[in-house]
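Asker: Sharing a structure here in structure tokens format.
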2 protein chains.
Amino acid sequence: MTQPEDETPDAAATDGEGWREEDWGLDPALVAACAEGAEAGDREAVLASVGDLHAADLADLLEQLDHATRAEAVRLIGPDLDPEVLSELEDDVRDDVLAAMDPAHLAAAVGELDPGDVAYVVEDLDPEAQGRVLEGLEPVDRTAVQQALTYPEYSAGRLMRRDFVTAPPFWTVGDMIDRMRAWEDLPDQFHDVVLVDPAMKPVALVPLSRIMGSPRARSLEALKRDRMEVLEAEEPQADVAYAFNQYHMASAPVVDAAGRLVGVVLMEDAMEALDEEADEDLKRLAGVGDESLSDKVAEIARRRFPWLAVNLCTAVLASMVIGQFEDAIGKIVALAVLMPIVASMGGNAATQTLAVAVRAIATRDLTPANMWRIIARETLVGFANGIVFAILVSAVAVVWFGDPWLGAVLAAAMVINLLAAGLAGILIPIALDRAGADPALASGTFVTTVTDVVGFFAFLGLAATVLL
Amino acid sequence: MTQPEDETPDAAATDGEGWREEDWGLDPALVAACAEGAEAGDREAVLASVGDLHAADLADLLEQLDHATRAEAVRLIGPDLDPEVLSELEDDVRDDVLAAMDPAHLAAAVGELDPGDVAYVVEDLDPEAQGRVLEGLEPVDRTAVQQALTYPEYSAGRLMRRDFVTAPPFWTVGDMIDRMRAWEDLPDQFHDVVLVDPAMKPVALVPLSRIMGSPRARSLEALKRDRMEVLEAEEPQADVAYAFNQYHMASAPVVDAAGRLVGVVLMEDAMEALDEEADEDLKRLAGVGDESLSDKVAEIARRRFPWLAVNLCTAVLASMVIGQFEDAIGKIVALAVLMPIVASMGGNAATQTLAVAVRAIATRDLTPANMWRIIARETLVGFANGIVFAILVSAVAVVWFGDPWLGAVLAAAMVINLLAAGLAGILIPIALDRAGADPALASGTFVTTVTDVVGFFAFLGLAATVLL
């Protein structure tokens, strides 16, 4: 991700953004300057260090400060804090920042945000603090925030923007342009005009680029996009992100249960959702929950505990399998030396299959139509690599312990375990998906349990039968 | 990702897309209908099944067919194949499709694509086949494709579009609208007008929404966005995707080494890049290379081989550690039974830390400014969970084998290994990043080698010292 860009040494100079590192990371010197300023209580120094930053970068900077320095920096920035920073912060850092802000500044800042962003900012606050923030809003905004909070977290209803531009299909380009010029609060960011019928049902999307390139007399209807994907307000954001990425859409209308237009999701917001979902998949596969770098030690240890506990149970299960063969190990200690190889290779092969399967389910490439073919393929891949590694590993065993039968047993166990790895790696995520669970929850833990148990059982069981 | 949406049973009905499954996946019945039609050589049936599909969905459908059926389906669809399908297909399926297409249809199809997409389609072809495809293009398009091929794969230069709209800053809204209306080949998809100086250096971006909402006499300069991020043509797409996601940009100008505008990256394309990079990170962490569901068995087995081979070496290393303690195991077989628990817990804890670290580096949240704090934090988390699981696991050992000293040794090894897990999980990706490599390459394999070796050595070494 961060290849050094030797070929473009003047990247920072060319784009006129001196503070930016070549790979777009935040300049550490800026973080240091802000921290120093905050610790010295020097408001001017803090403002100088953060003054020019985009809200997203300032949020990153605040995340990189430690708890006390962060609170002090926020206090010093005071009313100059860009409200957008609040919607860019990670959850627990945001709590810090909200607590450090002067209530009057907080109310003013929240008043400048889009109701969807306010909902995101306040939803984890305790009801009393939430009430205090919402009280400071204009009644119409407060209603919008409360409305947004009725949609499930991570849904289209939360992602959508409430300021959008609609028109009846019979309007002309001229009508539309005149209307927009007269519009006092025209949204600053939108890519399409939503054509709606009299019941506010979305009928089509018209891209701004086509409106701009057409004569005033042309009807909007004639300029509409070929396709429009309509989202339900309750639709999970993972599906919204998938649809935007699949169809390269710039925007999509969101409707309520009655089919009436209630908002528009923009690609900018769908991209953020896509990033969040990718983050979640990767962390779930590794057995970490929703965790960010800025969490506190006790909090992190607590969040990682459940999967480690599950892993302890499955590890004990594998140990119990070994325990069944104590006699064999007591007689041939080489078994204890070699058995982790079988388990480790199985675990690795299973993780490979699992990662491919989880991604394929997320991108809707693994479906009932090709499922059996893919399962057969993974089985064959497991078998093929099983044969290859059986030969390699039995050679190691023969050279090391000089016992061809030990090598043969190891080889057989390797083939069996890589077959099991392929099957577990594909069947477990498919089964989870069928059951309505997130296939990424399969995680290394479950799948490697299978390969540990099968690996130890196959190797020690064969050894007890053949070698004793 | 695919929660059942019981609360919106009429999703498909509401948006008028009967073929679509509720979670936006392709209807398996459609895949089956197409396969059946292709096998029967029935062109009408194939066309009926694919007629209405978006190019991205048709590409998915073709990916789900098996090799022979796919070729037959492509042959039957013939000139009706939407050229965009070619740029949506996965690499090896695309090779199949290109081979199955009539050369005349192929030339016509390629002629309709954007030069960037053509470059993507032809770059993996052998030079002769590539030459044949390029020959069919108009000279100006051929030059554009050859130009695109000079940029590195996965760079801004490949991602960008070459049809964009520019204007001098002194133009008014009226000038711009008149120019666009007179423009014969106005690009269909763009979100911003790029203001350029006389040397074609990008100066600012003006969103279409602001142009549309402003009176004709307003100067474009007055409507420009606060920020513009300029991309180098050689910039890796991972950085491009990061910048779009961080700054919620709709488009970004791309410049050559001299700073002249050569293209514009749109958010639609940056989103695809973000998805590709997330895919790559997840698969690299699991020790799989660039692999898709549609690859063939031999190809997949071959691609997964290298990481399994690395894992074999590291597993043998761990076995050699165990081999040092054959005497101890021969005397106390319980050591062989319990030792995988220490290794497995370490491996899991390390994978958790690794996933968080790799994501944090990718999102530029782990930086020199907070690195030491994060390393200290991971060490503490490892220590904290080490203590908790030491108590749990020693209780298991005492109950199982009735030997408190064995329990104590197991507990000490657990603390040591979870500490090592935290350190390896954070230090290895940081070191890879510092060395200019992709931290995701750390993968389970390397990190779990550390925890296997440390785990076995700590447990067996302590046991040999204390218990014998």
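Going through the structure tokens in order, the chains are called A, B, and so on, while each chain numbers its residues from 1 and the ligands are numbered from 1 in the order shown.
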So which residues touch segment 264-278 of chain A within 8 Å, counting only C-alpha atoms, skipping near sequence neighbours fewer than 5 positions away, as a PyMOL selection string?
Answerer: (chain A and resi 156+159-164+190-191+237-238+240-242+244+249-254) or (chain B and resi 245+248-250+267-268+271+274-275+278-279)
Asker: Need to verify the contact set: segment 385-395 of chain A, 9 Å, only C-alpha atoms, exclusion of same-chain residues closer than 6 positions in sequence. Can you return it as a list in words?
Answerer: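 Listed by chain and then number, they are Ile341, Met345, Ala349, Pro404, Leu406, Gly407, Ala408, Val409, Leu410, Ala411, Ala412, Ala413, Met414, Val415, Ile416, Asn417, Leu418 and Leu419 of chain A; Ala301, Arg302, Arg304, Phe305, Leu308, Ala309, Leu312 and Val316 of chain B.
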Asker: Please save N, CA and C atoms of the selected residues as a PDB file, in the first residue's frame.
Answerer:
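Output contents, as saved in out-v7.pdb:
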ATOM      1  N   ILE A 341       3.194 -30.333  12.382  1.00  0.00           N
ATOM      2  CA  ILE A 341       3.329 -30.023  10.953  1.00  0.00           C
ATOM      3  C   ILE A 341       2.018 -30.292  10.229  1.00  0.00           C
ATOM      4  N   MET A 345      -0.113 -27.198   8.516  1.00  0.00           N
ATOM      5  CA  MET A 345      -0.371 -27.150   7.072  1.00  0.00           C
ATOM      6  C   MET A 345      -1.874 -27.123   6.798  1.00  0.00           C
ATOM      7  N   ALA A 349      -3.888 -24.115   4.811  1.00  0.00           N
ATOM      8  CA  ALA A 349      -4.666 -24.383   3.595  1.00  0.00           C
ATOM      9  C   ALA A 349      -6.127 -23.997   3.806  1.00  0.00           C
ATOM     10  N   PRO A 404      10.776 -45.263   7.178  1.00  0.00           N
ATOM     11  CA  PRO A 404       9.881 -45.071   6.029  1.00  0.00           C
ATOM     12  C   PRO A 404       8.405 -45.205   6.402  1.00  0.00           C
ATOM     13  N   LEU A 406       7.008 -44.308   9.187  1.00  0.00           N
ATOM     14  CA  LEU A 406       6.620 -43.028   9.798  1.00  0.00           C
ATOM     15  C   LEU A 406       6.345 -42.006   8.693  1.00  0.00           C
ATOM     16  N   GLY A 407       7.219 -41.997   7.669  1.00  0.00           N
ATOM     17  CA  GLY A 407       7.027 -41.093   6.538  1.00  0.00           C
ATOM     18  C   GLY A 407       5.707 -41.364   5.831  1.00  0.00           C
ATOM     19  N   ALA A 408       5.380 -42.644   5.664  1.00  0.00           N
ATOM     20  CA  ALA A 408       4.143 -43.010   4.966  1.00  0.00           C
ATOM     21  C   ALA A 408       2.918 -42.546   5.749  1.00  0.00           C
ATOM     22  N   VAL A 409       2.971 -42.733   7.059  1.00  0.00           N
ATOM     23  CA  VAL A 409       1.850 -42.305   7.903  1.00  0.00           C
ATOM     24  C   VAL A 409       1.681 -40.783   7.824  1.00  0.00           C
ATOM     25  N   LEU A 410       2.806 -40.067   7.887  1.00  0.00           N
ATOM     26  CA  LEU A 410       2.753 -38.608   7.814  1.00  0.00           C
ATOM     27  C   LEU A 410       2.169 -38.162   6.468  1.00  0.00           C
ATOM     28  N   ALA A 411       2.591 -38.841   5.406  1.00  0.00           N
ATOM     29  CA  ALA A 411       2.093 -38.506   4.074  1.00  0.00           C
ATOM     30  C   ALA A 411       0.583 -38.703   3.984  1.00  0.00           C
ATOM     31  N   ALA A 412       0.115 -39.826   4.485  1.00  0.00           N
ATOM     32  CA  ALA A 412      -1.324 -40.106   4.415  1.00  0.00           C
ATOM     33  C   ALA A 412      -2.114 -39.073   5.219  1.00  0.00           C
ATOM     34  N   ALA A 413      -1.596 -38.749   6.414  1.00  0.00           N
ATOM     35  CA  ALA A 413      -2.287 -37.770   7.256  1.00  0.00           C
ATOM     36  C   ALA A 413      -2.320 -36.403   6.581  1.00  0.00           C
ATOM     37  N   MET A 414      -1.245 -36.071   5.861  1.00  0.00           N
ATOM     38  CA  MET A 414      -1.197 -34.778   5.180  1.00  0.00           C
ATOM     39  C   MET A 414      -2.276 -34.686   4.100  1.00  0.00           C
ATOM     40  N   VAL A 415      -2.405 -35.752   3.295  1.00  0.00           N
ATOM     41  CA  VAL A 415      -3.437 -35.750   2.247  1.00  0.00           C
ATOM     42  C   VAL A 415      -4.823 -35.612   2.879  1.00  0.00           C
ATOM     43  N   ILE A 416      -5.078 -36.407   3.909  1.00  0.00           N
ATOM     44  CA  ILE A 416      -6.390 -36.354   4.568  1.00  0.00           C
ATOM     45  C   ILE A 416      -6.658 -34.958   5.108  1.00  0.00           C
ATOM     46  N   ASN A 417      -5.660 -34.347   5.746  1.00  0.00           N
ATOM     47  CA  ASN A 417      -5.908 -33.057   6.384  1.00  0.00           C
ATOM     48  C   ASN A 417      -6.046 -31.925   5.373  1.00  0.00           C
ATOM     49  N   LEU A 418      -5.317 -31.963   4.264  1.00  0.00           N
ATOM     50  CA  LEU A 418      -5.504 -30.884   3.272  1.00  0.00           C
ATOM     51  C   LEU A 418      -6.851 -31.036   2.553  1.00  0.00           C
ATOM     52  N   LEU A 419      -7.322 -32.265   2.409  1.00  0.00           N
ATOM     53  CA  LEU A 419      -8.695 -32.464   1.912  1.00  0.00           C
ATOM     54  C   LEU A 419      -9.696 -31.865   2.893  1.00  0.00           C
TER      55      LEU A 419
ATOM     56  N   ALA B 301      -4.119 -24.469  -7.338  1.00  0.00           N
ATOM     57  CA  ALA B 301      -3.210 -25.268  -6.522  1.00  0.00           C
ATOM     58  C   ALA B 301      -1.798 -24.679  -6.634  1.00  0.00           C
ATOM     59  N   ARG B 302      -1.432 -24.300  -7.863  1.00  0.00           N
ATOM     60  CA  ARG B 302      -0.103 -23.742  -8.092  1.00  0.00           C
ATOM     61  C   ARG B 302       0.076 -22.407  -7.361  1.00  0.00           C
ATOM     62  N   ARG B 304      -1.473 -21.343  -4.693  1.00  0.00           N
ATOM     63  CA  ARG B 304      -1.475 -21.435  -3.224  1.00  0.00           C
ATOM     64  C   ARG B 304      -0.224 -22.128  -2.721  1.00  0.00           C
ATOM     65  N   PHE B 305       0.480 -22.822  -3.637  1.00  0.00           N
ATOM     66  CA  PHE B 305       1.633 -23.613  -3.236  1.00  0.00           C
ATOM     67  C   PHE B 305       2.703 -22.813  -2.485  1.00  0.00           C
ATOM     68  N   LEU B 308       2.059 -22.226   1.180  1.00  0.00           N
ATOM     69  CA  LEU B 308       2.053 -23.493   1.912  1.00  0.00           C
ATOM     70  C   LEU B 308       3.481 -23.999   2.073  1.00  0.00           C
ATOM     71  N   ALA B 309       4.303 -23.781   1.056  1.00  0.00           N
ATOM     72  CA  ALA B 309       5.698 -24.223   1.134  1.00  0.00           C
ATOM     73  C   ALA B 309       6.439 -23.439   2.221  1.00  0.00           C
ATOM     74  N   LEU B 312       5.401 -24.816   5.405  1.00  0.00           N
ATOM     75  CA  LEU B 312       6.027 -26.108   5.699  1.00  0.00           C
ATOM     76  C   LEU B 312       7.390 -25.878   6.362  1.00  0.00           C
ATOM     77  N   VAL B 316       8.338 -27.002  10.091  1.00  0.00           N
ATOM     78  CA  VAL B 316       9.467 -27.883  10.380  1.00  0.00           C
ATOM     79  C   VAL B 316      10.367 -27.234  11.436  1.00  0.00           C
TER      80      VAL B 316
END
Asker: How many Å separate atom CA of Asp124 of chain B from atom CA of Asp80 of chain B?
Answerer: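 According to the coordinates, atom CA of Asp124 of chain B and atom CA of Asp80 of chain B are separated by 24.2 Å.
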Asker: Which residue gives the smallest distance to Ile428 of chain A among A:Leu317, A:Val454, A:Ala108, A:Ala350, with only C-alpha atoms counted?
Answerer: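 Distance minimum relative to Ile428 of chain A lands on A:Ala350.
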Asker: Have a look at B:Ala431, B:Ala59, B:Leu89, B:Val230 and name the one nearest to Gly259 of chain B; count only C-alpha atoms.
Answerer: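 Distance minimum relative to Gly259 of chain B lands on B:Val230.
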Asker: Might you pull out every residue within 12 Å of Val356 of chain B, with only C-alpha atoms counted and same-chain residues fewer than 6 positions away left off, and present them as number ranges by chain?
Answerer: A: 279-295, 300, 304; B: 281-282, 285, 349-350, 362-363, 365-366, 374, 378, 422, 425-426, 429-430, 439-440
Asker: For the residues in that selection, give me C-alpha atoms as a CSV table (one decimal), in the first residue's frame.
Answerer:
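again_23.csv, written as the output of this step:
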chain,number,residue,atom,x,y,z
A,279,ASP,CA,-12.7,-3.5,7.4
A,280,GLU,CA,-15.3,-5.6,9.3
A,281,ASP,CA,-14.8,-8.7,7.1
A,282,LEU,CA,-11.0,-8.6,7.5
A,283,LYS,CA,-11.2,-8.2,11.3
A,284,ARG,CA,-14.0,-10.8,11.7
A,285,LEU,CA,-11.9,-13.3,9.8
A,286,ALA,CA,-9.1,-12.7,12.2
A,287,GLY,CA,-11.4,-13.0,15.2
A,288,VAL,CA,-11.4,-9.3,16.2
A,289,GLY,CA,-14.6,-7.4,16.6
A,290,ASP,CA,-15.3,-3.8,15.8
A,291,GLU,CA,-12.0,-2.4,17.0
A,292,SER,CA,-10.0,0.6,16.2
A,293,LEU,CA,-6.5,1.7,17.0
A,294,SER,CA,-7.6,4.3,19.4
A,295,ASP,CA,-9.3,2.0,21.8
A,300,ILE,CA,-9.2,-4.1,23.6
A,304,ARG,CA,-10.5,-9.8,22.0
B,281,ASP,CA,-5.3,-7.2,1.7
B,282,LEU,CA,-7.7,-9.8,2.9
B,285,LEU,CA,-3.2,-11.9,5.0
B,349,ALA,CA,-3.8,-13.6,19.5
B,350,ALA,CA,-1.1,-12.7,17.0
B,362,ALA,CA,-3.6,0.9,5.2
B,363,THR,CA,-5.8,3.6,6.6
B,365,ASP,CA,-4.0,5.5,11.3
B,366,LEU,CA,-0.8,3.8,12.5
B,374,ILE,CA,0.4,1.4,20.0
B,378,GLU,CA,-0.4,-4.3,22.2
B,422,GLY,CA,1.2,-9.1,20.6
B,425,GLY,CA,1.5,-9.1,15.4
B,426,ILE,CA,2.5,-5.4,15.6
B,429,PRO,CA,3.8,-5.5,9.8
B,430,ILE,CA,5.4,-2.2,10.9
B,439,PRO,CA,2.4,-5.2,5.5
B,440,ALA,CA,-0.4,-7.6,4.6
Asker: Please return, as a PyMOL selection string, all residues of segment 282-339 of chain B that DSSP assigns to helix (DSSP H, G or I) on the basis of the backbone.
Answerer: chain B and resi 282-285+297-323+326-331+334-339
Asker: Give me the residues near Ala464 of chain A as number ranges by chain, where near means some atom within 9 Å (using only C-alpha atoms) and where sequence neighbours in that chain fewer than 6 positions away do not count.
Answerer: A: 325, 327-329
